[in-house]
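Below is one structure, written out as structure tokens; the observations come after it.
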There are 2 protein chains.
Amino acid sequence: MNEIDKKLLDKEVRPTAMRTLVYQQLAKQNTAVALTDIELAFTKADRTTLYRTVKTFEEKGIVHQIDDGTGISKYALCEPGCNCEIENDLHLHFHCSNCDKTVCLTEHKIPQISLPDGYVAEDVNLVVKGICSDCSGS
Amino acid sequence: MNEIDKKLLDKEVRPTAMRTLVYQQLAKQNTAVALTDIELAFTKADRTTLYRTVKTFEEKGIVHQIDDGTGISKYALCEPGCNCEIENDLHLHFHCSNCDKTVCLTEHKIPQISLPDGYVAEDVNLVVKGICSDCSGS
DNA sequence: AATTATAGTGCAATGGAAGTGCATTAACTT
DNA sequence: AAGTTAATGCACTTCCATTGCACTATAATT
Ligand SMILES: [Mn+2]
Ligand SMILES: [Mn+2]
Ligand SMILES: [Zn+2]
Ligand SMILES: [Zn+2]
């Protein structure tokens, strides 16, 4: 059994052929990807299957969903050690308005946010929009 | 001429009957509203008109659009003194997972965010999800 | 190994919200 | 009043997310 299948089993996801391939595909990326992106990489697989694969991954803490403000959900593998299922990994995300790519800035954690009395925080989403390092040419 | 129309003119928006009414409606709210919410308040007006009214308001800095992570755009009047057209008013937003309401926490500005080298920030969106003061009962 | 149960996949269809084209109507200008 | 420009209403489109159901593969049981 290969490494990926072990990881899937570890997260209580049965390693089907499709799932292994999708995981591989995600592991290749250095940006967060939309479902459509995955779809393009697997012309033979059905969109629904990919959709449900990613949803399963999300539920089991293998990927996290990213709302980058474009209206299209992006997904990225969770870092090793990230316990998404239990506690969110509150790093920030960056969306480039030039190349339209979205990246996880895993090292940049979201600062503690103070809220008015009576408000209870459960989750925080912080997205910075601007020009990424590839596009700023510096 | 009434107060609302003055405000609209001040922002270079011609105060039509429809626009004045939409502004009034927005002023009544204490939460951010979706287009559908506005639609419900104006059963006689067409969705498109309301849509374009809100878009115009947004372009002219009368309202700001809020992406609260639900996938449905919300809108709220800008605070007096907010110069949205020129510079974003970077306050945080709170979305209640219980009552599904989204509020502007105008007093809570988004802290300065540090980015990796080469990244240039243009805009920041910070949304906290959790339980609002109405729902937490405290 | 054959049978049964369970989980995954593919296809078709739906839903919700955002957005556009165009004809009509209202508002402003001269 | 006539002409011009902007706003409105209706119909239609697009895009992505999501679901129902039949079919197939995988796992468990006999
Ligand atoms: Mn991330
Ligand atoms: Mn706001
Ligand atoms: Zn870029
Ligand atoms: Zn609430």
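In the structure tokens, the first chain shown is A, the next is B, and so on; residue numbers restart at 1 for each chain, and ligands run from 1 in the order shown.
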Same-sequence superposition of chain B onto chain A, all C-alpha, as a tab-separated table (two decimals) with N, CA and C atoms, in the first residue's frame:
```
chain	number	residue	atom	x	y	z
B	1	MET	N	0.97	-1.18	-0.14
B	1	MET	CA	0.14	0.05	-0.11
B	1	MET	C	1.01	1.32	-0.12
B	2	ASN	N	0.60	2.28	-0.94
B	2	ASN	CA	1.43	3.49	-1.08
B	2	ASN	C	1.14	4.52	0.01
B	3	GLU	N	1.93	5.55	-0.02
B	3	GLU	CA	1.88	6.60	1.01
B	3	GLU	C	0.52	7.30	1.05
B	4	ILE	N	0.00	7.61	-0.12
B	4	ILE	CA	-1.26	8.35	-0.20
B	4	ILE	C	-2.39	7.54	0.43
B	5	ASP	N	-2.46	6.28	0.07
B	5	ASP	CA	-3.52	5.43	0.61
B	5	ASP	C	-3.43	5.33	2.13
B	6	LYS	N	-2.23	5.31	2.63
B	6	LYS	CA	-2.04	5.29	4.08
B	6	LYS	C	-2.63	6.55	4.70
B	7	LYS	N	-2.34	7.66	4.06
B	7	LYS	CA	-2.86	8.93	4.58
B	7	LYS	C	-4.37	8.95	4.57
B	8	LEU	N	-4.95	8.43	3.50
B	8	LEU	CA	-6.41	8.40	3.40
B	8	LEU	C	-6.99	7.52	4.50
B	9	LEU	N	-6.45	6.35	4.64
B	9	LEU	CA	-6.93	5.42	5.67
B	9	LEU	C	-6.79	6.04	7.06
B	10	ASP	N	-5.69	6.72	7.23
B	10	ASP	CA	-5.43	7.38	8.50
B	10	ASP	C	-6.54	8.37	8.84
B	11	LYS	N	-7.13	8.93	7.82
B	11	LYS	CA	-8.22	9.90	8.01
B	11	LYS	C	-9.59	9.24	7.84
B	12	GLU	N	-9.58	7.93	7.84
B	12	GLU	CA	-10.82	7.16	7.72
B	12	GLU	C	-11.54	7.36	6.40
B	13	VAL	N	-10.75	7.45	5.35
B	13	VAL	CA	-11.32	7.54	4.01
B	13	VAL	C	-10.83	6.33	3.23
B	14	ARG	N	-11.77	5.61	2.67
B	14	ARG	CA	-11.38	4.41	1.93
B	14	ARG	C	-10.68	4.82	0.64
B	15	PRO	N	-9.50	4.31	0.43
B	15	PRO	CA	-8.70	4.74	-0.71
B	15	PRO	C	-9.11	4.08	-2.02
B	16	THR	N	-10.05	4.66	-2.69
B	16	THR	CA	-10.42	4.16	-4.01
B	16	THR	C	-9.45	4.72	-5.04
B	17	ALA	N	-9.51	4.19	-6.22
B	17	ALA	CA	-8.63	4.65	-7.30
B	17	ALA	C	-8.81	6.15	-7.52
B	18	MET	N	-10.06	6.53	-7.61
B	18	MET	CA	-10.40	7.93	-7.86
B	18	MET	C	-9.84	8.85	-6.78
B	19	ARG	N	-10.02	8.46	-5.55
B	19	ARG	CA	-9.60	9.29	-4.43
B	19	ARG	C	-8.08	9.44	-4.39
B	20	THR	N	-7.42	8.36	-4.67
B	20	THR	CA	-5.96	8.42	-4.69
B	20	THR	C	-5.49	9.39	-5.77
B	21	LEU	N	-6.11	9.30	-6.92
B	21	LEU	CA	-5.73	10.19	-8.02
B	21	LEU	C	-6.01	11.65	-7.68
B	22	VAL	N	-7.16	11.90	-7.07
B	22	VAL	CA	-7.50	13.28	-6.72
B	22	VAL	C	-6.51	13.81	-5.68
B	23	TYR	N	-6.18	12.95	-4.74
B	23	TYR	CA	-5.20	13.38	-3.74
B	23	TYR	C	-3.88	13.74	-4.40
B	24	GLN	N	-3.45	12.88	-5.29
B	24	GLN	CA	-2.20	13.12	-6.04
B	24	GLN	C	-2.25	14.47	-6.75
B	25	GLN	N	-3.35	14.68	-7.40
B	25	GLN	CA	-3.53	15.92	-8.16
B	25	GLN	C	-3.43	17.14	-7.23
B	26	LEU	N	-4.09	17.04	-6.09
B	26	LEU	CA	-4.06	18.15	-5.14
B	26	LEU	C	-2.65	18.36	-4.59
B	27	ALA	N	-1.94	17.26	-4.40
B	27	ALA	CA	-0.59	17.35	-3.84
B	27	ALA	C	0.37	18.07	-4.80
B	28	LYS	N	0.06	17.98	-6.07
B	28	LYS	CA	0.90	18.62	-7.09
B	28	LYS	C	0.79	20.14	-7.07
B	29	GLN	N	-0.35	20.63	-6.63
B	29	GLN	CA	-0.64	22.05	-6.71
B	29	GLN	C	0.16	22.87	-5.72
B	30	ASN	N	0.48	24.06	-6.09
B	30	ASN	CA	1.03	24.99	-5.12
B	30	ASN	C	0.06	26.14	-4.85
B	31	THR	N	-1.12	26.01	-5.44
B	31	THR	CA	-2.19	26.97	-5.13
B	31	THR	C	-3.45	26.18	-4.79
B	32	ALA	N	-4.41	26.89	-4.23
B	32	ALA	CA	-5.71	26.27	-3.99
B	32	ALA	C	-6.44	26.14	-5.33
B	33	VAL	N	-7.22	25.09	-5.47
B	33	VAL	CA	-7.88	24.86	-6.75
B	33	VAL	C	-9.40	24.79	-6.61
B	34	ALA	N	-10.06	25.16	-7.67
B	34	ALA	CA	-11.51	25.05	-7.74
B	34	ALA	C	-11.89	23.67	-8.24
B	35	LEU	N	-13.13	23.31	-8.01
B	35	LEU	CA	-13.61	22.02	-8.50
B	35	LEU	C	-13.43	21.92	-10.01
B	36	THR	N	-13.67	23.00	-10.68
B	36	THR	CA	-13.51	23.04	-12.14
B	36	THR	C	-12.08	22.71	-12.55
B	37	ASP	N	-11.13	23.17	-11.77
B	37	ASP	CA	-9.72	22.87	-12.08
B	37	ASP	C	-9.47	21.37	-12.01
B	38	ILE	N	-10.01	20.77	-10.97
B	38	ILE	CA	-9.84	19.32	-10.81
B	38	ILE	C	-10.53	18.60	-11.97
B	39	GLU	N	-11.69	19.10	-12.30
B	39	GLU	CA	-12.45	18.51	-13.39
B	39	GLU	C	-11.63	18.50	-14.68
B	40	LEU	N	-10.92	19.57	-14.93
B	40	LEU	CA	-10.13	19.67	-16.15
B	40	LEU	C	-9.00	18.66	-16.18
B	41	ALA	N	-8.53	18.31	-14.98
B	41	ALA	CA	-7.42	17.36	-14.90
B	41	ALA	C	-7.90	15.92	-15.04
B	42	PHE	N	-9.18	15.72	-14.90
B	42	PHE	CA	-9.74	14.36	-15.00
B	42	PHE	C	-10.91	14.34	-15.96
B	43	THR	N	-10.62	14.46	-17.21
B	43	THR	CA	-11.70	14.55	-18.20
B	43	THR	C	-12.57	13.30	-18.23
B	44	LYS	N	-12.03	12.19	-17.75
B	44	LYS	CA	-12.80	10.96	-17.81
B	44	LYS	C	-13.73	10.78	-16.61
B	45	ALA	N	-13.42	11.46	-15.53
B	45	ALA	CA	-14.24	11.28	-14.33
B	45	ALA	C	-15.42	12.25	-14.32
B	46	ASP	N	-16.45	11.83	-13.64
B	46	ASP	CA	-17.64	12.68	-13.58
B	46	ASP	C	-17.46	13.78	-12.54
B	47	ARG	N	-18.04	14.91	-12.87
B	47	ARG	CA	-18.00	16.07	-11.98
B	47	ARG	C	-18.51	15.75	-10.57
B	48	THR	N	-19.60	15.02	-10.53
B	48	THR	CA	-20.20	14.69	-9.24
B	48	THR	C	-19.26	13.87	-8.37
B	49	THR	N	-18.60	12.94	-9.00
B	49	THR	CA	-17.66	12.10	-8.25
B	49	THR	C	-16.56	12.96	-7.65
B	50	LEU	N	-16.02	13.84	-8.47
B	50	LEU	CA	-14.97	14.73	-7.99
B	50	LEU	C	-15.51	15.61	-6.88
B	51	TYR	N	-16.73	16.11	-7.09
B	51	TYR	CA	-17.37	16.95	-6.08
B	51	TYR	C	-17.47	16.21	-4.76
B	52	ARG	N	-17.97	14.97	-4.82
B	52	ARG	CA	-18.16	14.24	-3.58
B	52	ARG	C	-16.83	13.78	-2.98
B	53	THR	N	-15.89	13.54	-3.84
B	53	THR	CA	-14.56	13.18	-3.34
B	53	THR	C	-13.99	14.33	-2.51
B	54	VAL	N	-14.08	15.51	-3.07
B	54	VAL	CA	-13.53	16.67	-2.37
B	54	VAL	C	-14.30	16.94	-1.09
B	55	LYS	N	-15.63	16.77	-1.14
B	55	LYS	CA	-16.45	16.96	0.06
B	55	LYS	C	-16.05	15.98	1.16
B	56	THR	N	-15.85	14.74	0.75
B	56	THR	CA	-15.42	13.73	1.71
B	56	THR	C	-14.08	14.13	2.32
B	57	PHE	N	-13.16	14.52	1.47
B	57	PHE	CA	-11.84	14.97	1.94
B	57	PHE	C	-12.01	16.10	2.95
B	58	GLU	N	-12.93	16.98	2.65
B	58	GLU	CA	-13.12	18.13	3.53
B	58	GLU	C	-13.65	17.69	4.89
B	59	GLU	N	-14.67	16.83	4.84
B	59	GLU	CA	-15.28	16.36	6.09
B	59	GLU	C	-14.28	15.62	6.97
B	60	LYS	N	-13.36	14.93	6.33
B	60	LYS	CA	-12.40	14.13	7.08
B	60	LYS	C	-11.11	14.88	7.38
B	61	GLY	N	-11.08	16.16	7.04
B	61	GLY	CA	-9.91	16.96	7.39
B	61	GLY	C	-8.70	16.72	6.52
B	62	ILE	N	-8.95	16.30	5.27
B	62	ILE	CA	-7.82	16.10	4.35
B	62	ILE	C	-7.57	17.36	3.54
B	63	VAL	N	-8.66	18.02	3.16
B	63	VAL	CA	-8.52	19.32	2.52
B	63	VAL	C	-9.33	20.34	3.32
B	64	HIS	N	-9.04	21.60	3.11
B	64	HIS	CA	-9.91	22.63	3.65
B	64	HIS	C	-10.42	23.48	2.51
B	65	GLN	N	-11.64	23.94	2.71
B	65	GLN	CA	-12.29	24.76	1.70
B	65	GLN	C	-11.89	26.21	1.95
B	66	ILE	N	-11.71	26.95	0.88
B	66	ILE	CA	-11.30	28.34	1.00
B	66	ILE	C	-12.27	29.23	0.27
B	67	ASP	N	-12.78	30.20	0.98
B	67	ASP	CA	-13.63	31.20	0.35
B	67	ASP	C	-12.78	32.44	0.12
B	68	ASP	N	-12.33	32.60	-1.10
B	68	ASP	CA	-11.39	33.69	-1.39
B	68	ASP	C	-12.08	34.95	-1.90
B	69	GLY	N	-13.39	34.95	-1.87
B	69	GLY	CA	-14.12	36.15	-2.26
B	69	GLY	C	-14.50	36.18	-3.73
B	70	THR	N	-14.08	35.19	-4.48
B	70	THR	CA	-14.43	35.15	-5.90
B	70	THR	C	-15.81	34.52	-6.10
B	71	GLY	N	-16.31	33.87	-5.07
B	71	GLY	CA	-17.59	33.19	-5.21
B	71	GLY	C	-17.42	31.74	-5.64
B	72	ILE	N	-16.20	31.36	-5.92
B	72	ILE	CA	-15.91	29.99	-6.32
B	72	ILE	C	-15.08	29.34	-5.22
B	73	SER	N	-15.57	28.24	-4.69
B	73	SER	CA	-14.86	27.57	-3.62
B	73	SER	C	-13.55	26.99	-4.11
B	74	LYS	N	-12.53	27.19	-3.30
B	74	LYS	CA	-11.23	26.61	-3.62
B	74	LYS	C	-10.90	25.60	-2.54
B	75	TYR	N	-10.03	24.65	-2.91
B	75	TYR	CA	-9.64	23.62	-1.97
B	75	TYR	C	-8.13	23.45	-1.97
B	76	ALA	N	-7.61	23.13	-0.81
B	76	ALA	CA	-6.18	22.85	-0.71
B	76	ALA	C	-5.97	21.78	0.35
B	77	LEU	N	-4.97	20.96	0.13
B	77	LEU	CA	-4.62	19.95	1.12
B	77	LEU	C	-4.27	20.63	2.44
B	78	CYS	N	-4.65	19.99	3.51
B	78	CYS	CA	-4.26	20.49	4.82
B	78	CYS	C	-2.79	20.14	5.05
B	79	GLU	N	-2.15	20.99	5.76
B	79	GLU	CA	-0.76	20.74	6.11
B	79	GLU	C	-0.69	19.55	7.07
B	80	PRO	N	0.41	18.83	7.03
B	80	PRO	CA	0.57	17.78	8.04
B	80	PRO	C	0.54	18.41	9.43
B	81	GLY	N	-0.21	17.80	10.29
B	81	GLY	CA	-0.31	18.35	11.64
B	81	GLY	C	-1.50	19.26	11.84
B	82	CYS	N	-2.14	19.62	10.73
B	82	CYS	CA	-3.34	20.45	10.83
B	82	CYS	C	-4.51	19.60	11.25
B	83	ASN	N	-5.15	19.96	12.33
B	83	ASN	CA	-6.30	19.18	12.80
B	83	ASN	C	-7.61	19.88	12.48
B	84	CYS	N	-7.88	19.99	11.22
B	84	CYS	CA	-9.05	20.71	10.75
B	84	CYS	C	-10.36	20.20	11.35
B	85	GLU	N	-10.44	18.88	11.47
B	85	GLU	CA	-11.70	18.30	11.94
B	85	GLU	C	-12.03	18.79	13.35
B	86	ILE	N	-10.96	18.95	14.13
B	86	ILE	CA	-11.15	19.29	15.53
B	86	ILE	C	-11.13	20.81	15.71
B	87	GLU	N	-10.10	21.40	15.17
B	87	GLU	CA	-9.91	22.83	15.36
B	87	GLU	C	-9.39	23.42	14.06
B	88	ASN	N	-9.96	24.52	13.65
B	88	ASN	CA	-9.55	25.11	12.39
B	88	ASN	C	-8.11	25.61	12.43
B	89	ASP	N	-7.45	25.40	11.33
B	89	ASP	CA	-6.12	25.95	11.19
B	89	ASP	C	-6.29	27.36	10.60
B	90	LEU	N	-6.16	28.34	11.44
B	90	LEU	CA	-6.54	29.68	11.02
B	90	LEU	C	-5.39	30.45	10.39
B	91	HIS	N	-4.97	29.99	9.26
B	91	HIS	CA	-3.96	30.74	8.52
B	91	HIS	C	-4.67	31.64	7.51
B	92	LEU	N	-3.95	32.58	6.99
B	92	LEU	CA	-4.62	33.48	6.06
B	92	LEU	C	-4.44	33.03	4.62
B	93	HIS	N	-5.30	33.54	3.77
B	93	HIS	CA	-5.26	33.20	2.35
B	93	HIS	C	-5.08	34.46	1.52
B	94	PHE	N	-4.40	34.26	0.42
B	94	PHE	CA	-4.12	35.40	-0.45
B	94	PHE	C	-4.68	35.11	-1.83
B	95	HIS	N	-5.42	36.08	-2.34
B	95	HIS	CA	-5.95	35.92	-3.69
B	95	HIS	C	-5.39	37.00	-4.60
B	96	CYS	N	-4.73	36.58	-5.67
B	96	CYS	CA	-4.09	37.53	-6.58
B	96	CYS	C	-5.10	38.03	-7.60
B	97	SER	N	-5.24	39.33	-7.65
B	97	SER	CA	-6.21	39.91	-8.58
B	97	SER	C	-5.66	39.94	-10.00
B	98	ASN	N	-4.39	39.62	-10.13
B	98	ASN	CA	-3.82	39.58	-11.47
B	98	ASN	C	-3.93	38.19	-12.09
B	99	CYS	N	-3.37	37.19	-11.44
B	99	CYS	CA	-3.38	35.84	-12.02
B	99	CYS	C	-4.54	35.00	-11.51
B	100	ASP	N	-5.30	35.57	-10.60
B	100	ASP	CA	-6.50	34.91	-10.09
B	100	ASP	C	-6.21	33.65	-9.26
B	101	LYS	N	-4.96	33.49	-8.87
B	101	LYS	CA	-4.62	32.33	-8.07
B	101	LYS	C	-4.80	32.62	-6.58
B	102	THR	N	-5.14	31.57	-5.87
B	102	THR	CA	-5.32	31.69	-4.42
B	102	THR	C	-4.33	30.78	-3.72
B	103	VAL	N	-3.63	31.31	-2.76
B	103	VAL	CA	-2.65	30.49	-2.05
B	103	VAL	C	-2.89	30.51	-0.54
B	104	CYS	N	-2.51	29.42	0.09
B	104	CYS	CA	-2.51	29.34	1.54
B	104	CYS	C	-1.22	29.96	2.04
B	105	LEU	N	-1.34	30.88	2.96
B	105	LEU	CA	-0.13	31.37	3.62
B	105	LEU	C	-0.10	30.71	5.00
B	106	THR	N	0.29	29.46	4.96
B	106	THR	CA	0.17	28.61	6.14
B	106	THR	C	0.93	29.13	7.34
B	107	GLU	N	2.01	29.82	7.05
B	107	GLU	CA	2.83	30.32	8.15
B	107	GLU	C	2.23	31.57	8.79
B	108	HIS	N	1.31	32.19	8.09
B	108	HIS	CA	0.74	33.43	8.60
B	108	HIS	C	-0.60	33.17	9.27
B	109	LYS	N	-0.56	33.06	10.57
B	109	LYS	CA	-1.78	32.76	11.32
B	109	LYS	C	-2.61	34.03	11.48
B	110	ILE	N	-3.88	33.84	11.64
B	110	ILE	CA	-4.80	34.96	11.84
B	110	ILE	C	-4.66	35.47	13.27
B	111	PRO	N	-4.45	36.76	13.42
B	111	PRO	CA	-4.29	37.30	14.78
B	111	PRO	C	-5.58	37.16	15.60
B	112	GLN	N	-5.43	37.24	16.86
B	112	GLN	CA	-6.59	37.22	17.76
B	112	GLN	C	-7.47	38.44	17.45
B	113	ILE	N	-8.76	38.20	17.33
B	113	ILE	CA	-9.68	39.27	16.99
B	113	ILE	C	-10.54	39.59	18.20
B	114	SER	N	-10.65	40.85	18.54
B	114	SER	CA	-11.53	41.21	19.65
B	114	SER	C	-12.92	41.52	19.10
B	115	LEU	N	-13.92	41.09	19.84
B	115	LEU	CA	-15.31	41.28	19.41
B	115	LEU	C	-16.08	42.03	20.49
B	116	PRO	N	-17.18	42.65	20.10
B	116	PRO	CA	-18.03	43.31	21.11
B	116	PRO	C	-18.59	42.28	22.08
B	117	ASP	N	-19.03	42.76	23.21
B	117	ASP	CA	-19.62	41.87	24.21
B	117	ASP	C	-20.79	41.08	23.62
B	118	GLY	N	-20.86	39.82	24.00
B	118	GLY	CA	-21.97	39.00	23.56
B	118	GLY	C	-21.71	38.23	22.29
B	119	TYR	N	-20.67	38.62	21.57
B	119	TYR	CA	-20.34	37.91	20.34
B	119	TYR	C	-19.38	36.76	20.65
B	120	VAL	N	-19.70	35.60	20.08
B	120	VAL	CA	-18.85	34.43	20.29
B	120	VAL	C	-18.29	33.97	18.95
B	121	ALA	N	-16.99	33.92	18.84
B	121	ALA	CA	-16.35	33.52	17.59
B	121	ALA	C	-16.22	32.01	17.51
B	122	GLU	N	-16.54	31.49	16.34
B	122	GLU	CA	-16.37	30.05	16.12
B	122	GLU	C	-15.38	29.79	15.00
B	123	ASP	N	-15.31	30.73	14.09
B	123	ASP	CA	-14.47	30.53	12.92
B	123	ASP	C	-14.11	31.90	12.36
B	124	VAL	N	-12.95	31.97	11.75
B	124	VAL	CA	-12.51	33.24	11.19
B	124	VAL	C	-12.00	33.02	9.78
B	125	ASN	N	-12.34	33.91	8.89
B	125	ASN	CA	-11.82	33.84	7.53
B	125	ASN	C	-11.16	35.16	7.20
B	126	LEU	N	-9.89	35.06	6.87
B	126	LEU	CA	-9.13	36.27	6.54
B	126	LEU	C	-8.50	36.10	5.17
B	127	VAL	N	-8.92	36.93	4.24
B	127	VAL	CA	-8.40	36.86	2.88
B	127	VAL	C	-7.82	38.21	2.48
B	128	VAL	N	-6.60	38.17	2.03
B	128	VAL	CA	-5.98	39.38	1.50
B	128	VAL	C	-6.00	39.29	-0.02
B	129	LYS	N	-6.45	40.36	-0.63
B	129	LYS	CA	-6.46	40.41	-2.09
B	129	LYS	C	-5.38	41.38	-2.53
B	130	GLY	N	-4.71	41.04	-3.60
B	130	GLY	CA	-3.67	41.93	-4.09
B	130	GLY	C	-2.87	41.27	-5.19
B	131	ILE	N	-1.57	41.55	-5.21
B	131	ILE	CA	-0.69	41.00	-6.24
B	131	ILE	C	0.27	40.01	-5.60
B	132	CYS	N	0.30	38.82	-6.16
B	132	CYS	CA	1.13	37.78	-5.58
B	132	CYS	C	2.59	37.97	-5.99
B	133	SER	N	3.47	37.21	-5.39
B	133	SER	CA	4.90	37.40	-5.65
B	133	SER	C	5.25	37.07	-7.10
B	134	ASP	N	4.56	36.12	-7.68
B	134	ASP	CA	4.82	35.80	-9.09
B	134	ASP	C	4.48	36.99	-10.00
B	135	CYS	N	3.41	37.67	-9.64
B	135	CYS	CA	2.92	38.75	-10.51
B	135	CYS	C	3.55	40.10	-10.20
B	136	SER	N	4.02	40.29	-8.98
B	136	SER	CA	4.60	41.60	-8.65
B	136	SER	C	6.02	41.70	-9.19
B	137	GLY	N	6.59	40.57	-9.59
B	137	GLY	CA	7.92	40.56	-10.19
B	137	GLY	C	9.01	41.05	-9.26
B	138	SER	N	8.93	40.62	-8.03
B	138	SER	CA	9.98	41.02	-7.09
B	138	SER	C	10.33	39.88	-6.16
```
Could you list, as a PyMOL selection string, every residue of chain C that has an atom within 9 Å of an atom of chain A, counting only C-alpha atoms (C1' of nucleotides)?
chain C and resi 8-11
Using N, CA, C and O atoms (P, O5', C5', C4', C3', O3' and C1' of nucleotides), can you write the selected residues to a file as a PDB file, in the first residue's frame?
```
ATOM      1  P    DG C   8     -17.436   5.338   0.387  1.00  0.00           P
ATOM      2  O5'  DG C   8     -17.519   5.181  -1.192  1.00  0.00           O
ATOM      3  C5'  DG C   8     -16.578   4.306  -1.830  1.00  0.00           C
ATOM      4  C4'  DG C   8     -16.765   4.370  -3.336  1.00  0.00           C
ATOM      5  C3'  DG C   8     -16.611   5.764  -3.937  1.00  0.00           C
ATOM      6  O3'  DG C   8     -15.780   5.629  -5.081  1.00  0.00           O
ATOM      7  C1'  DG C   8     -18.707   4.846  -4.550  1.00  0.00           C
ATOM      8  P    DT C   9     -15.336   6.852  -5.919  1.00  0.00           P
ATOM      9  O5'  DT C   9     -16.362   6.770  -7.127  1.00  0.00           O
ATOM     10  C5'  DT C   9     -16.318   5.641  -8.002  1.00  0.00           C
ATOM     11  C4'  DT C   9     -17.410   5.740  -9.036  1.00  0.00           C
ATOM     12  C3'  DT C   9     -17.418   7.030  -9.860  1.00  0.00           C
ATOM     13  O3'  DT C   9     -17.147   6.686 -11.202  1.00  0.00           O
ATOM     14  C1'  DT C   9     -19.620   6.414  -9.165  1.00  0.00           C
ATOM     15  P    DG C  10     -16.920   7.806 -12.296  1.00  0.00           P
ATOM     16  O5'  DG C  10     -18.363   7.910 -12.959  1.00  0.00           O
ATOM     17  C5'  DG C  10     -18.921   6.760 -13.568  1.00  0.00           C
ATOM     18  C4'  DG C  10     -20.274   7.082 -14.168  1.00  0.00           C
ATOM     19  C3'  DG C  10     -20.324   8.369 -14.998  1.00  0.00           C
ATOM     20  O3'  DG C  10     -21.004   8.045 -16.212  1.00  0.00           O
ATOM     21  C1'  DG C  10     -22.011   8.425 -13.313  1.00  0.00           C
ATOM     22  P    DC C  11     -21.099   9.053 -17.412  1.00  0.00           P
ATOM     23  O5'  DC C  11     -22.617   9.503 -17.375  1.00  0.00           O
ATOM     24  C5'  DC C  11     -23.648   8.514 -17.384  1.00  0.00           C
ATOM     25  C4'  DC C  11     -24.980   9.151 -17.054  1.00  0.00           C
ATOM     26  C3'  DC C  11     -25.254  10.480 -17.774  1.00  0.00           C
ATOM     27  O3'  DC C  11     -26.469  10.359 -18.478  1.00  0.00           O
ATOM     28  C1'  DC C  11     -25.769  10.636 -15.476  1.00  0.00           C
TER      29       DC C  11
END
```
Please give the complete set of residues from range 10-116 of chain A that DSSP, run on the backbone, assigns to strand (DSSP E or B), formatted as a PyMOL selection string.
chain A and resi 32-34+63-66+74-77+91-96+102-109
Got time to write the residues from that selection, C-alpha atoms, as an mmCIF file, in the first residue's frame?
```
data_model
loop_
_atom_site.group_PDB
_atom_site.id
_atom_site.type_symbol
_atom_site.label_atom_id
_atom_site.label_comp_id
_atom_site.auth_asym_id
_atom_site.auth_seq_id
_atom_site.Cartn_x
_atom_site.Cartn_y
_atom_site.Cartn_z
ATOM 1 C CA ALA A 32 -5.671 26.289 -4.010
ATOM 2 C CA VAL A 33 -7.830 24.845 -6.778
ATOM 3 C CA ALA A 34 -11.441 25.045 -7.791
ATOM 4 C CA VAL A 63 -8.540 19.359 2.535
ATOM 5 C CA HIS A 64 -9.935 22.686 3.636
ATOM 6 C CA GLN A 65 -12.302 24.805 1.662
ATOM 7 C CA ILE A 66 -11.308 28.379 0.942
ATOM 8 C CA LYS A 74 -11.217 26.620 -3.677
ATOM 9 C CA TYR A 75 -9.637 23.647 -1.992
ATOM 10 C CA ALA A 76 -6.181 22.860 -0.704
ATOM 11 C CA LEU A 77 -4.650 19.966 1.145
ATOM 12 C CA HIS A 91 -3.942 30.763 8.464
ATOM 13 C CA LEU A 92 -4.620 33.498 6.013
ATOM 14 C CA HIS A 93 -5.285 33.230 2.311
ATOM 15 C CA PHE A 94 -4.159 35.428 -0.497
ATOM 16 C CA HIS A 95 -5.973 35.944 -3.754
ATOM 17 C CA CYS A 96 -4.139 37.544 -6.634
ATOM 18 C CA THR A 102 -5.318 31.710 -4.474
ATOM 19 C CA VAL A 103 -2.655 30.516 -2.087
ATOM 20 C CA CYS A 104 -2.528 29.356 1.493
ATOM 21 C CA LEU A 105 -0.139 31.396 3.584
ATOM 22 C CA THR A 106 0.177 28.631 6.103
ATOM 23 C CA GLU A 107 2.844 30.362 8.106
ATOM 24 C CA HIS A 108 0.754 33.476 8.552
ATOM 25 C CA LYS A 109 -1.724 32.813 11.297
#
```
D:DT4, D:DC21, D:DT26, D:DC10 ranked by distance to chain A, top pick (using only C-alpha atoms (C1' of nucleotides))
D:DT26
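Going from C1' of DT18 in chain D over to atom 1 (Zn, counted along the ligand's line) of ligand 4, you cover 25.6 Å.
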Just the residues within 9 Å of DA26 in chain C, please, counting only C-alpha atoms (C1' of nucleotides), with nothing from its chain fewer than 4 positions along; format it as a ChimeraX atom specification.
/D:6-8
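Across the structure, C1' of DG15 in chain C and C1' of DG9 in chain D are spaced 23.5 Å apart.
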Please give the complete set of residues from chain A that DSSP, run on the backbone, assigns to helix (DSSP H, G or I), formatted as an MDAnalysis selection string.
chainID A and resid 3:10 17:28 35:41 47:59 133:136
Which polymer residues have any atom within 10 Å of an atom of DT14 in chain C, counting only C-alpha atoms (C1' of nucleotides), with same-chain residues fewer than 2 positions away left out, as a PyMOL selection string?
(chain C and resi 12+16) or (chain D and resi 18-20)
